file start.tsv (TSV, C-alpha atoms and all ligand atoms)
chain	number	residue	atom	x	y	z
A	1	MET	CA	-63.99	5.99	-97.03
A	2	THR	CA	-60.64	4.40	-96.33
A	3	ASP	CA	-58.52	6.52	-98.70
A	4	PRO	CA	-56.72	9.34	-96.96
A	5	ALA	CA	-58.26	12.76	-97.62
A	6	ILE	CA	-54.82	14.20	-98.25
A	7	SER	CA	-51.54	12.43	-98.82
A	8	THR	CA	-48.18	13.84	-99.83
A	9	THR	CA	-44.91	12.06	-100.49
A	10	GLY	CA	-41.66	13.95	-100.84
A	11	LEU	CA	-43.40	17.30	-101.36
A	12	ARG	CA	-40.86	19.96	-102.32
A	13	LYS	CA	-41.08	23.69	-102.97
A	14	ALA	CA	-38.38	26.32	-103.26
A	15	TYR	CA	-38.49	30.05	-103.91
A	16	GLY	CA	-35.23	30.63	-105.74
A	17	LYS	CA	-32.54	29.19	-103.51
A	18	HIS	CA	-34.81	29.23	-100.50
A	19	LEU	CA	-36.04	25.67	-99.91
A	20	VAL	CA	-39.41	26.08	-98.16
A	21	LEU	CA	-40.69	22.47	-98.22
A	22	ASP	CA	-37.98	19.83	-98.19
A	23	GLY	CA	-39.62	16.46	-98.79
A	24	VAL	CA	-42.80	16.54	-96.73
A	25	ASP	CA	-44.71	13.26	-96.18
A	26	LEU	CA	-48.27	13.42	-94.90
A	27	ASP	CA	-51.30	11.17	-94.54
A	28	ILE	CA	-54.51	12.72	-93.32
A	29	PRO	CA	-57.45	10.33	-92.83
A	30	ALA	CA	-60.85	11.53	-94.04
A	31	GLY	CA	-63.16	12.99	-91.40
A	32	THR	CA	-60.36	14.16	-89.11
A	33	VAL	CA	-58.85	17.49	-88.10
A	34	PHE	CA	-55.17	17.87	-88.93
A	35	SER	CA	-53.23	20.84	-87.65
A	36	LEU	CA	-50.00	22.14	-89.08
A	37	LEU	CA	-47.87	24.15	-86.69
A	38	GLY	CA	-44.64	25.97	-87.31
A	39	PRO	CA	-42.84	29.22	-86.58
A	40	ASN	CA	-43.42	32.26	-88.80
A	41	GLY	CA	-42.11	31.60	-92.27
A	42	ALA	CA	-41.98	27.81	-91.80
A	43	GLY	CA	-43.98	27.20	-94.96
A	44	LYS	CA	-47.50	26.55	-93.63
A	45	THR	CA	-49.27	28.92	-96.02
A	46	THR	CA	-47.13	27.62	-98.89
A	47	MET	CA	-48.32	24.13	-98.04
A	48	VAL	CA	-52.00	25.22	-98.00
A	49	LYS	CA	-51.55	27.03	-101.31
A	50	ILE	CA	-50.03	23.95	-102.94
A	51	LEU	CA	-52.64	21.53	-101.58
A	52	SER	CA	-55.45	23.83	-102.69
A	53	THR	CA	-53.97	24.12	-106.22
A	54	LEU	CA	-53.21	27.86	-105.93
A	55	ILE	CA	-49.50	27.37	-106.61
A	56	SER	CA	-47.57	24.39	-107.93
A	57	ALA	CA	-45.00	22.28	-106.13
A	58	ASP	CA	-41.53	21.57	-107.49
A	59	GLY	CA	-41.65	17.88	-106.71
A	60	GLY	CA	-43.40	15.10	-104.86
A	61	ASP	CA	-46.60	13.16	-105.17
A	62	VAL	CA	-49.81	14.68	-103.84
A	63	ARG	CA	-53.35	13.33	-103.74
A	64	VAL	CA	-56.28	15.34	-102.42
A	65	ALA	CA	-59.74	13.77	-102.03
A	66	GLY	CA	-58.48	10.79	-104.02
A	67	HIS	CA	-57.43	12.93	-106.99
A	68	HIS	CA	-53.99	13.63	-108.37
A	69	LEU	CA	-53.22	17.26	-107.50
A	70	THR	CA	-51.98	18.41	-110.90
A	71	ARG	CA	-53.46	15.92	-113.36
A	72	GLU	CA	-56.95	16.24	-111.82
A	73	ALA	CA	-56.78	19.79	-110.47
A	74	GLN	CA	-60.41	20.53	-111.42
A	75	ALA	CA	-61.68	17.56	-109.40
A	76	VAL	CA	-59.50	18.61	-106.46
A	77	ARG	CA	-60.93	22.14	-106.62
A	78	ALA	CA	-64.47	20.78	-106.65
A	79	ALA	CA	-63.81	18.81	-103.46
A	80	ILE	CA	-62.15	21.51	-101.35
A	81	GLY	CA	-62.88	24.83	-99.69
A	82	VAL	CA	-60.30	27.34	-98.53
A	83	THR	CA	-60.82	30.01	-95.94
A	84	GLY	CA	-58.67	32.02	-93.60
A	85	GLN	CA	-56.15	34.69	-94.38
A	86	TYR	CA	-57.57	35.51	-97.81
A	87	SER	CA	-61.17	36.31	-97.07
A	88	ALA	CA	-63.59	35.96	-99.95
A	89	VAL	CA	-66.09	38.26	-98.21
A	90	ASP	CA	-67.11	41.37	-100.18
A	91	GLY	CA	-67.61	44.17	-97.67
A	92	LEU	CA	-70.01	46.11	-99.91
A	93	LEU	CA	-72.44	43.20	-100.16
A	94	THR	CA	-74.68	42.06	-97.33
A	95	GLY	CA	-74.09	38.72	-95.65
A	96	GLU	CA	-76.97	37.21	-97.57
A	97	GLU	CA	-75.78	38.66	-100.90
A	98	ASN	CA	-72.30	37.25	-100.32
A	99	LEU	CA	-73.77	33.81	-99.76
A	100	ARG	CA	-76.08	34.01	-102.75
A	101	LEU	CA	-73.19	35.09	-104.92
A	102	MET	CA	-71.35	31.94	-103.86
A	103	ALA	CA	-74.47	29.90	-104.59
A	104	ASP	CA	-74.56	31.43	-108.10
A	105	LEU	CA	-70.90	30.57	-108.61
A	106	HIS	CA	-71.77	26.98	-107.76
A	107	HIS	CA	-74.77	27.08	-110.14
A	108	LEU	CA	-77.17	26.14	-107.38
A	109	GLY	CA	-80.16	27.82	-108.99
A	110	ARG	CA	-82.22	30.70	-107.57
A	111	SER	CA	-84.48	29.01	-105.06
A	112	ARG	CA	-81.92	26.44	-103.91
A	113	GLY	CA	-79.34	29.24	-103.50
A	114	ARG	CA	-81.73	31.35	-101.48
A	115	GLU	CA	-82.65	28.38	-99.31
A	116	GLN	CA	-79.04	27.46	-98.63
A	117	ALA	CA	-78.10	31.07	-97.86
A	118	ARG	CA	-80.90	31.20	-95.31
A	119	GLU	CA	-79.86	27.90	-93.72
A	120	LEU	CA	-76.22	28.95	-93.45
A	121	LEU	CA	-77.06	32.39	-92.02
A	122	GLU	CA	-79.10	30.61	-89.36
A	123	GLN	CA	-76.43	27.98	-88.68
A	124	PHE	CA	-73.69	30.59	-88.31
A	125	ASP	CA	-75.74	32.92	-86.14
A	126	LEU	CA	-75.83	35.64	-88.79
A	127	ALA	CA	-79.57	35.73	-89.51
A	128	GLU	CA	-80.09	39.08	-87.77
A	129	ALA	CA	-77.21	40.71	-89.64
A	130	ALA	CA	-78.11	39.09	-92.98
A	131	GLY	CA	-79.27	42.36	-94.55
A	132	LYS	CA	-76.34	44.50	-93.41
A	133	PRO	CA	-73.20	45.12	-95.48
A	134	ALA	CA	-70.40	42.74	-94.43
A	135	ALA	CA	-68.11	45.76	-93.95
A	136	THR	CA	-70.09	46.55	-90.79
A	137	TYR	CA	-69.53	43.06	-89.32
A	138	SER	CA	-67.20	42.36	-86.41
A	139	GLY	CA	-64.09	40.24	-87.02
A	140	GLY	CA	-65.81	37.16	-85.64
A	141	MET	CA	-68.90	37.66	-87.84
A	142	ARG	CA	-66.73	38.11	-90.93
A	143	ARG	CA	-64.87	34.87	-90.23
A	144	ARG	CA	-68.16	33.05	-89.72
A	145	LEU	CA	-69.52	34.46	-92.97
A	146	ASP	CA	-66.29	33.50	-94.76
A	147	LEU	CA	-66.57	29.92	-93.50
A	148	ALA	CA	-70.28	29.80	-94.36
A	149	MET	CA	-69.43	30.90	-97.91
A	150	THR	CA	-66.91	28.08	-98.17
A	151	LEU	CA	-69.63	25.59	-97.22
A	152	VAL	CA	-71.95	26.60	-100.07
A	153	GLY	CA	-70.11	24.21	-102.38
A	154	ALA	CA	-70.37	21.36	-99.81
A	155	PRO	CA	-66.59	20.73	-99.80
A	156	ARG	CA	-65.32	17.44	-98.34
A	157	ILE	CA	-62.02	18.99	-97.33
A	158	ILE	CA	-61.65	22.45	-95.84
A	159	PHE	CA	-58.39	24.34	-95.47
A	160	LEU	CA	-58.47	26.78	-92.60
A	161	ASP	CA	-55.41	29.01	-92.68
A	162	GLU	CA	-55.16	30.69	-89.28
A	163	PRO	CA	-58.95	30.93	-88.97
A	164	THR	CA	-59.05	32.67	-85.59
A	165	THR	CA	-56.06	35.01	-85.73
A	166	GLY	CA	-57.08	38.34	-84.22
A	167	LEU	CA	-60.36	37.09	-82.78
A	168	ASP	CA	-61.28	37.60	-79.15
A	169	PRO	CA	-61.47	34.47	-76.94
A	170	ARG	CA	-65.28	34.22	-77.19
A	171	SER	CA	-65.33	34.45	-80.99
A	172	ARG	CA	-62.47	31.96	-81.13
A	173	ARG	CA	-64.47	29.49	-79.06
A	174	THR	CA	-67.51	29.97	-81.31
A	175	MET	CA	-65.35	29.16	-84.34
A	176	TRP	CA	-64.03	26.06	-82.59
A	177	GLN	CA	-67.57	24.86	-81.97
A	178	ILE	CA	-68.46	25.42	-85.60
A	179	ILE	CA	-65.36	23.55	-86.78
A	180	ARG	CA	-66.10	20.62	-84.45
A	181	GLY	CA	-69.66	20.58	-85.75
A	182	LEU	CA	-68.50	20.40	-89.36
A	183	VAL	CA	-66.47	17.30	-88.63
A	184	ALA	CA	-69.04	15.63	-86.39
A	185	ASP	CA	-72.15	16.39	-88.47
A	186	HIS	CA	-70.81	16.48	-92.02
A	187	GLY	CA	-67.71	14.25	-91.79
A	188	VAL	CA	-65.52	16.83	-93.52
A	189	THR	CA	-61.74	16.78	-93.22
A	190	ILE	CA	-60.10	19.90	-91.85
A	191	PHE	CA	-56.56	21.02	-92.60
A	192	LEU	CA	-55.85	23.74	-90.07
A	193	THR	CA	-52.87	26.02	-89.70
A	194	THR	CA	-52.68	28.04	-86.55
A	195	GLN	CA	-50.41	30.16	-84.42
A	196	TYR	CA	-52.39	29.15	-81.33
A	197	LEU	CA	-51.17	25.92	-79.86
A	198	GLU	CA	-54.25	25.74	-77.67
A	199	GLU	CA	-56.32	25.74	-80.86
A	200	ALA	CA	-54.46	22.71	-82.20
A	201	ASP	CA	-54.75	21.05	-78.81
A	202	GLN	CA	-58.51	21.68	-78.73
A	203	LEU	CA	-59.37	20.70	-82.29
A	204	ALA	CA	-56.83	18.47	-83.92
A	205	ASP	CA	-56.81	14.68	-84.07
A	206	ARG	CA	-53.25	14.88	-85.32
A	207	ILE	CA	-50.69	17.66	-85.22
A	208	ALA	CA	-47.52	18.12	-87.25
A	209	VAL	CA	-44.75	20.60	-86.58
A	210	LEU	CA	-43.06	22.04	-89.67
A	211	ASP	CA	-39.65	23.62	-89.30
A	212	HIS	CA	-36.93	24.38	-91.84
A	213	GLY	CA	-38.94	22.67	-94.55
A	214	LYS	CA	-39.27	19.36	-92.73
A	215	MET	CA	-41.83	17.77	-90.46
A	216	VAL	CA	-39.95	17.64	-87.17
A	217	ALA	CA	-42.75	15.83	-85.30
A	218	GLN	CA	-46.17	14.34	-85.94
A	219	GLY	CA	-48.72	12.78	-83.61
A	220	THR	CA	-51.66	13.41	-81.34
A	221	ALA	CA	-51.32	16.30	-78.91
A	222	GLU	CA	-50.66	13.77	-76.13
A	223	GLU	CA	-47.95	11.99	-78.13
A	224	LEU	CA	-46.20	15.27	-78.92
A	225	LYS	CA	-46.30	16.38	-75.31
A	226	ARG	CA	-44.50	13.21	-74.31
A	227	LEU	CA	-41.61	14.07	-76.62
A	228	VAL	CA	-40.31	16.87	-74.48
A	229	PRO	CA	-38.91	16.79	-70.98
A	230	GLY	CA	-40.81	18.40	-68.13
A	231	GLY	CA	-43.43	15.73	-67.54
A	232	HIS	CA	-43.67	14.46	-64.00
A	233	VAL	CA	-45.92	12.74	-61.51
A	234	SER	CA	-46.69	14.38	-58.17
A	235	LEU	CA	-47.27	11.99	-55.28
A	236	ARG	CA	-48.62	13.03	-51.90
A	237	PHE	CA	-47.90	10.43	-49.24
A	238	ALA	CA	-50.05	9.46	-46.30
A	239	ASP	CA	-47.19	9.46	-43.77
A	240	PRO	CA	-43.54	10.55	-43.38
A	241	HIS	CA	-42.29	6.97	-43.50
A	242	GLY	CA	-43.73	6.37	-46.98
A	243	PHE	CA	-42.49	9.79	-48.07
A	244	GLU	CA	-38.91	8.97	-47.02
A	245	THR	CA	-38.98	5.45	-48.48
A	246	ALA	CA	-40.19	6.74	-51.86
A	247	SER	CA	-37.81	9.67	-51.72
A	248	GLN	CA	-34.87	7.25	-51.55
A	249	GLY	CA	-36.22	4.79	-54.07
A	250	LEU	CA	-37.71	7.00	-56.78
A	251	ARG	CA	-35.08	9.70	-57.40
A	252	PRO	CA	-37.54	12.62	-57.37
A	253	ILE	CA	-36.85	15.92	-59.13
A	254	SER	CA	-37.96	17.75	-56.01
A	255	ARG	CA	-39.53	17.13	-52.60
A	256	GLU	CA	-41.92	19.14	-50.45
A	257	GLU	CA	-41.46	18.06	-46.83
A	258	GLU	CA	-44.39	20.05	-45.48
A	259	THR	CA	-46.97	18.46	-47.75
A	260	LEU	CA	-45.19	15.06	-47.98
A	261	THR	CA	-45.15	15.46	-51.77
A	262	LEU	CA	-42.58	14.18	-54.26
A	263	HIS	CA	-42.30	15.14	-57.93
A	264	VAL	CA	-41.01	12.18	-59.92
A	265	PRO	CA	-39.92	12.41	-63.57
A	266	SER	CA	-42.35	10.62	-65.91
A	267	ASP	CA	-43.45	10.74	-69.53
A	268	GLY	CA	-47.02	10.33	-68.28
A	269	GLY	CA	-47.48	7.17	-70.38
A	270	ILE	CA	-49.47	4.17	-69.16
A	271	ARG	CA	-46.42	1.92	-69.02
A	272	SER	CA	-44.34	4.19	-66.81
A	273	LEU	CA	-47.32	4.93	-64.57
A	274	ARG	CA	-47.93	1.21	-64.13
A	275	ALA	CA	-44.25	0.69	-63.25
A	276	LEU	CA	-44.48	3.51	-60.72
A	277	LEU	CA	-47.63	2.08	-59.11
A	278	ASP	CA	-46.04	-1.39	-58.99
A	279	TRP	CA	-42.99	0.08	-57.25
A	280	LEU	CA	-45.21	1.85	-54.69
A	281	ASP	CA	-47.15	-1.36	-54.06
A	282	GLY	CA	-43.96	-3.36	-53.66
A	283	ALA	CA	-42.59	-0.84	-51.15
A	284	SER	CA	-45.94	-0.90	-49.26
A	285	VAL	CA	-46.28	2.87	-49.11
A	286	THR	CA	-49.63	4.63	-49.17
A	287	VAL	CA	-50.22	7.48	-51.60
A	288	ASP	CA	-53.05	9.88	-50.83
A	289	GLU	CA	-52.97	11.74	-54.10
A	290	LEU	CA	-51.39	11.27	-57.52
A	291	ALA	CA	-51.34	13.84	-60.32
A	292	VAL	CA	-49.79	13.52	-63.79
A	293	HIS	CA	-48.30	16.69	-65.26
A	294	THR	CA	-47.59	16.53	-68.97
A	295	PRO	CA	-45.92	19.43	-70.75
A	296	ASP	CA	-48.27	21.54	-72.88
A	297	LEU	CA	-47.95	22.16	-76.60
A	298	ASP	CA	-46.09	25.41	-75.95
A	299	ASP	CA	-43.27	23.37	-74.39
A	300	VAL	CA	-43.29	21.03	-77.38
A	301	PHE	CA	-43.28	23.84	-79.90
A	302	LEU	CA	-40.45	25.70	-78.20
A	303	ALA	CA	-38.34	22.56	-77.73
A	304	LEU	CA	-38.77	21.36	-81.32
A	305	THR	CA	-38.24	24.68	-83.04
A	306	GLN	CA	-35.73	26.17	-80.62
A	307	GLU	CA	-32.48	25.39	-82.42
A	308	SER	CA	-33.65	26.79	-85.72
A	309	GLU	CA	-34.99	29.90	-84.01
A	310	SER	CA	-31.53	30.71	-82.64
A	311	ALA	CA	-30.10	30.19	-86.14
A	312	ARG	CA	-32.54	32.66	-87.73
B	401	LIG	N1	-43.96	34.24	-103.50
B	401	LIG	C1	-42.88	34.09	-102.75
B	401	LIG	N2	-41.65	34.41	-103.20
B	401	LIG	C2	-40.55	34.24	-102.45
B	401	LIG	N3	-40.55	33.76	-101.19
B	401	LIG	C3	-41.75	33.43	-100.65
B	401	LIG	C4	-42.97	33.58	-101.39
B	401	LIG	N4	-44.00	33.16	-100.60
B	401	LIG	C5	-43.43	32.78	-99.42
B	401	LIG	N5	-42.09	32.94	-99.45
B	401	LIG	C6	-41.16	32.59	-98.36
B	401	LIG	O1	-41.34	31.24	-98.04
B	401	LIG	C7	-41.26	31.03	-96.62
B	401	LIG	C8	-42.51	30.35	-96.13
B	401	LIG	O2	-43.60	31.26	-96.21
B	401	LIG	P1	-45.06	30.88	-95.69
B	401	LIG	O3	-45.93	32.08	-95.91
B	401	LIG	O4	-45.48	29.60	-96.30
B	401	LIG	O5	-44.79	30.65	-94.15
B	401	LIG	P2	-45.82	30.44	-92.95
B	401	LIG	O6	-45.35	29.24	-92.21
B	401	LIG	O7	-47.21	30.43	-93.47
B	401	LIG	O8	-45.56	31.73	-92.08
B	401	LIG	P3	-46.56	32.64	-91.17
B	401	LIG	O9	-46.84	31.84	-89.94
B	401	LIG	O10	-45.72	33.83	-90.91
B	401	LIG	O11	-47.78	32.92	-92.01
B	401	LIG	C9	-41.02	32.40	-96.02
B	401	LIG	O12	-39.63	32.53	-95.77
B	401	LIG	C10	-41.46	33.36	-97.09
B	401	LIG	O13	-40.73	34.56	-97.03

call {"tool": "encode", "arguments": {"input": "start.tsv", "output": "structure tokens"}}
result
Amino acid sequence: MTDPAISTTGLRKAYGKHLVLDGVDLDIPAGTVFSLLGPNGAGKTTMVKILSTLISADGGDVRVAGHHLTREAQAVRAAIGVTGQYSAVDGLLTGEENLRLMADLHHLGRSRGREQARELLEQFDLAEAAGKPAATYSGGMRRRLDLAMTLVGAPRIIFLDEPTTGLDPRSRRTMWQIIRGLVADHGVTIFLTTQYLEEADQLADRIAVLDHGKMVAQGTAEELKRLVPGGHVSLRFADPHGFETASQGLRPISREEETLTLHVPSDGGIRSLRALLDWLDGASVTVDELAVHTPDLDDVFLALTQESESAR
């Protein structure tokens, strides 16, 4: 499928005078994980609600799963699943009953519904707890059940709104594995909002940062990391002569005499690394060790949303 799973052009939404989305353009290829980042109140949930037809936009053109968002809202709904902050899990029902209820809602039929519930309970490691009320489940189990329920309708696009908020690191990692599996095994498209930059770094093919209603940056995690200063290359030299030669020629940020190490500013990109290696070759100095340090997504997030934060 070459059509993007989700595309928006000039998407706008305001609450009264408060402009929440100010002309957002997006293209998310099918079968990929897209992560939307932004400070609290940036408009991430608003975006998910619009794209999943829960609320309407004020302007812009939106297509989801090849369908026009408003003119073909039914077809959009049939192609998507939403899970996250608004759990569909009924605590009074058992895990299995919750799943079979979803199967009924999708008119799967009795035996097919039962079969699918069993498969999903197995797949999400909930088989043992299948007969217990969901209210007794841990946070991680509830999230897994919620996601399993979303899958009953075999959606092609899944919106995950902060899917691991409040989970412990182990449960978070389990969710990550499940999400990766959904993309690898079923080719679904994931639209993920998260507060955890590590989560976006781990899962997303592309990341966008939303701030003050606009996309302030978009790209792979590596591309975004190159946008902010702080990247450098550390070079450990074989001898003091090479160390001194490079120290004069490369304008390092800092030098460590004892270990004959220089830290040289770099965006970590192939081109600048090649230029650096060419320079070292030309100067005939021997480097024992080279390490590239790129800023992490925390640096990116803080740098890109800093100004607006101070204005809040
Ligand atoms: N129904 C509403 N009426 C008025 N204002 C709203 C409504 N829903 C959201 N807002 C405002 O719109 C802005 C964006 O909210 P939204 O929930 O989309 O942000 P978010 O990026 O998901 O934030 P968080 O990370 O805190 O969940 C906020 O300033 C919020 O107060």

call {"tool": "closest_atom_pairs", "arguments": {"input": "start.tsv", "of": "chain A", "to": "ligand LIG 401 (chain B)", "cutoff": "6 Å", "atoms": "all atoms listed in the file", "output": "CSV"}}
result
residue,atom,partner,partner_atom,distance
A:Tyr15,CA,B:LIG401,C2,4.9
A:Val20,CA,B:LIG401,C7,5.5
A:Gly38,CA,B:LIG401,O6,5.9
A:Pro39,CA,B:LIG401,O9,5.8
A:Asn40,CA,B:LIG401,O10,3.5
A:Gly41,CA,B:LIG401,O5,3.4
A:Ala42,CA,B:LIG401,O6,3.7
A:Gly43,CA,B:LIG401,O4,3.1
A:Lys44,CA,B:LIG401,O6,3.7
A:Thr45,CA,B:LIG401,O7,3.6
A:Thr46,CA,B:LIG401,O4,3.7

call {"tool": "write_last_selection", "arguments": {"input": "start.tsv", "atoms": "C-alpha atoms", "output": "PDB file, in the frame of the given file"}}
result
ATOM      1  CA  TYR A  15     -38.490  30.050-103.910  1.00  0.00           C
ATOM      2  CA  VAL A  20     -39.410  26.080 -98.160  1.00  0.00           C
ATOM      3  CA  GLY A  38     -44.640  25.970 -87.310  1.00  0.00           C
ATOM      4  CA  PRO A  39     -42.840  29.220 -86.580  1.00  0.00           C
ATOM      5  CA  ASN A  40     -43.420  32.260 -88.800  1.00  0.00           C
ATOM      6  CA  GLY A  41     -42.110  31.600 -92.270  1.00  0.00           C
ATOM      7  CA  ALA A  42     -41.980  27.810 -91.800  1.00  0.00           C
ATOM      8  CA  GLY A  43     -43.980  27.200 -94.960  1.00  0.00           C
ATOM      9  CA  LYS A  44     -47.500  26.550 -93.630  1.00  0.00           C
ATOM     10  CA  THR A  45     -49.270  28.920 -96.020  1.00  0.00           C
ATOM     11  CA  THR A  46     -47.130  27.620 -98.890  1.00  0.00           C
TER      12      THR A  46
END

call {"tool": "closest_residue", "arguments": {"input": "start.tsv", "among": "A:Ala30, A:Leu297, A:Ala200, A:Met215", "to": "A:Gly187", "atoms": "all atoms listed in the file"}}
result
A:Ala30

call {"tool": "closest_residue", "arguments": {"input": "start.tsv", "among": "A:Leu302, A:Ile270, A:Leu26, A:Val264", "to": "A:Leu290", "atoms": "all atoms listed in the file"}}
result
A:Val264

call {"tool": "axis_aligned_box", "arguments": {"input": "start.tsv", "around": "stretch 68-73 of chain A", "padding_each_side": "3 Å", "output": "lines of an AutoDock Vina configuration file"}}
result
center_x = -54.5
center_y = 16.7
center_z = -110.4
size_x = 11.0
size_y = 12.2
size_z = 11.9

call {"tool": "atom_distance", "arguments": {"input": "start.tsv", "atom1": "atom CA of A:Leu160", "atom2": "atom CA of A:Ile55"}}
result
16.6 Å

call {"tool": "closest_residue", "arguments": {"input": "start.tsv", "among": "A:Glu97, A:Asp168, A:Asp27, A:Asp288", "to": "A:Ser234", "atoms": "all atoms listed in the file"}}
result
A:Asp288

call {"tool": "residues_near_point", "arguments": {"input": "start.tsv", "point": "(-75.5, 47.0, -97.5)", "cutoff": "7 Å", "atoms": "all atoms listed in the file", "output": "list of chain:residue names"}}
result
A:Leu92, A:Leu93, A:Thr94, A:Gly131, A:Lys132, A:Pro133

call {"tool": "atom_distance", "arguments": {"input": "start.tsv", "atom1": "atom CA of A:Ala208", "atom2": "atom CA of A:Ile28"}}
result
10.7 Å

call {"tool": "atom_distance", "arguments": {"input": "start.tsv", "atom1": "atom CA of A:Gly140", "atom2": "atom CA of A:Arg114"}}
result
23.2 Å

call {"tool": "closest_residue", "arguments": {"input": "start.tsv", "among": "A:Glu289, A:Glu256, A:Asp211, A:Asp161", "to": "A:Leu21", "atoms": "all atoms listed in the file"}}
result
A:Asp211

call {"tool": "closest_residue", "arguments": {"input": "start.tsv", "among": "A:Thr8, A:Ser171, A:Ser87, A:Thr165", "to": "A:Ala148", "atoms": "all atoms listed in the file"}}
result
A:Ser87

call {"tool": "residues_around", "arguments": {"input": "start.tsv", "residues": "A:Ile178", "least_positions_apart": "4", "cutoff": "10 Å", "atoms": "only C-alpha atoms", "output": "ChimeraX atom specification"}}
result
/A:123-124,144,147-148,172-174,182-184

call {"tool": "closest_residue", "arguments": {"input": "start.tsv", "among": "A:Val216, A:Leu250, A:Met149, A:Leu99", "to": "A:Leu37", "atoms": "all atoms listed in the file"}}
result
A:Val216

call {"tool": "residues_around", "arguments": {"input": "start.tsv", "residues": "A:Ala283", "least_positions_apart": "3", "cutoff": "12 Å", "atoms": "all atoms listed in the file", "output": "ChimeraX atom specification"}}
result
/A:241-250,276-280,286-287

call {"tool": "residues_around", "arguments": {"input": "start.tsv", "residues": "A:Gly231", "least_positions_apart": "5", "cutoff": "8 Å", "atoms": "all atoms listed in the file", "output": "list in words"}}
result
Arg226, Pro265, Ser266, Asp267, Gly268, Val292, His293, Thr294 and Pro295 of chain A

call {"tool": "decode", "arguments": {"input": "start.tsv", "residues": "stretch 264-305 of chain A", "atoms": "C-alpha atoms", "output": "PDB file, in the first residue's frame"}}
result
ATOM      1  CA  VAL A 264      35.508  17.870  19.061  1.00  0.00           C
ATOM      2  CA  PRO A 265      32.149  19.428  18.155  1.00  0.00           C
ATOM      3  CA  SER A 266      30.249  17.341  15.571  1.00  0.00           C
ATOM      4  CA  ASP A 267      26.687  16.722  14.464  1.00  0.00           C
ATOM      5  CA  GLY A 268      27.565  13.019  14.291  1.00  0.00           C
ATOM      6  CA  GLY A 269      26.577  12.873  10.606  1.00  0.00           C
ATOM      7  CA  ILE A 270      28.465  10.772   8.059  1.00  0.00           C
ATOM      8  CA  ARG A 271      29.696  13.801   6.133  1.00  0.00           C
ATOM      9  CA  SER A 272      31.275  15.552   9.104  1.00  0.00           C
ATOM     10  CA  LEU A 273      32.771  12.290  10.370  1.00  0.00           C
ATOM     11  CA  ARG A 274      34.335  11.667   6.971  1.00  0.00           C
ATOM     12  CA  ALA A 275      35.766  15.203   6.956  1.00  0.00           C
ATOM     13  CA  LEU A 276      37.189  14.621  10.425  1.00  0.00           C
ATOM     14  CA  LEU A 277      38.786  11.297   9.436  1.00  0.00           C
ATOM     15  CA  ASP A 278      40.224  12.900   6.280  1.00  0.00           C
ATOM     16  CA  TRP A 279      41.737  15.674   8.391  1.00  0.00           C
ATOM     17  CA  LEU A 280      43.293  13.129  10.775  1.00  0.00           C
ATOM     18  CA  ASP A 281      44.701  11.154   7.842  1.00  0.00           C
ATOM     19  CA  GLY A 282      46.118  14.283   6.254  1.00  0.00           C
ATOM     20  CA  ALA A 283      47.804  15.283   9.514  1.00  0.00           C
ATOM     21  CA  SER A 284      49.190  11.716   9.899  1.00  0.00           C
ATOM     22  CA  VAL A 285      48.061  11.323  13.485  1.00  0.00           C
ATOM     23  CA  THR A 286      47.027   7.995  14.955  1.00  0.00           C
ATOM     24  CA  VAL A 287      43.747   7.703  16.830  1.00  0.00           C
ATOM     25  CA  ASP A 288      43.334   4.771  19.205  1.00  0.00           C
ATOM     26  CA  GLU A 289      39.672   5.262  19.907  1.00  0.00           C
ATOM     27  CA  LEU A 290      36.811   7.279  18.434  1.00  0.00           C
ATOM     28  CA  ALA A 291      33.346   7.666  19.960  1.00  0.00           C
ATOM     29  CA  VAL A 292      30.391   9.658  18.614  1.00  0.00           C
ATOM     30  CA  HIS A 293      28.160  11.301  21.210  1.00  0.00           C
ATOM     31  CA  THR A 294      24.816  12.494  19.894  1.00  0.00           C
ATOM     32  CA  PRO A 295      22.395  14.348  22.144  1.00  0.00           C
ATOM     33  CA  ASP A 296      19.430  12.279  23.324  1.00  0.00           C
ATOM     34  CA  LEU A 297      15.775  13.076  22.730  1.00  0.00           C
ATOM     35  CA  ASP A 298      15.545  14.801  26.108  1.00  0.00           C
ATOM     36  CA  ASP A 299      18.017  17.414  24.828  1.00  0.00           C
ATOM     37  CA  VAL A 300      15.981  17.804  21.647  1.00  0.00           C
ATOM     38  CA  PHE A 301      12.694  18.121  23.489  1.00  0.00           C
ATOM     39  CA  LEU A 302      14.024  20.689  25.938  1.00  0.00           C
ATOM     40  CA  ALA A 303      15.741  22.743  23.239  1.00  0.00           C
ATOM     41  CA  LEU A 304      12.725  22.803  20.917  1.00  0.00           C
ATOM     42  CA  THR A 305      10.082  23.521  23.523  1.00  0.00           C
TER      43      THR A 305
END
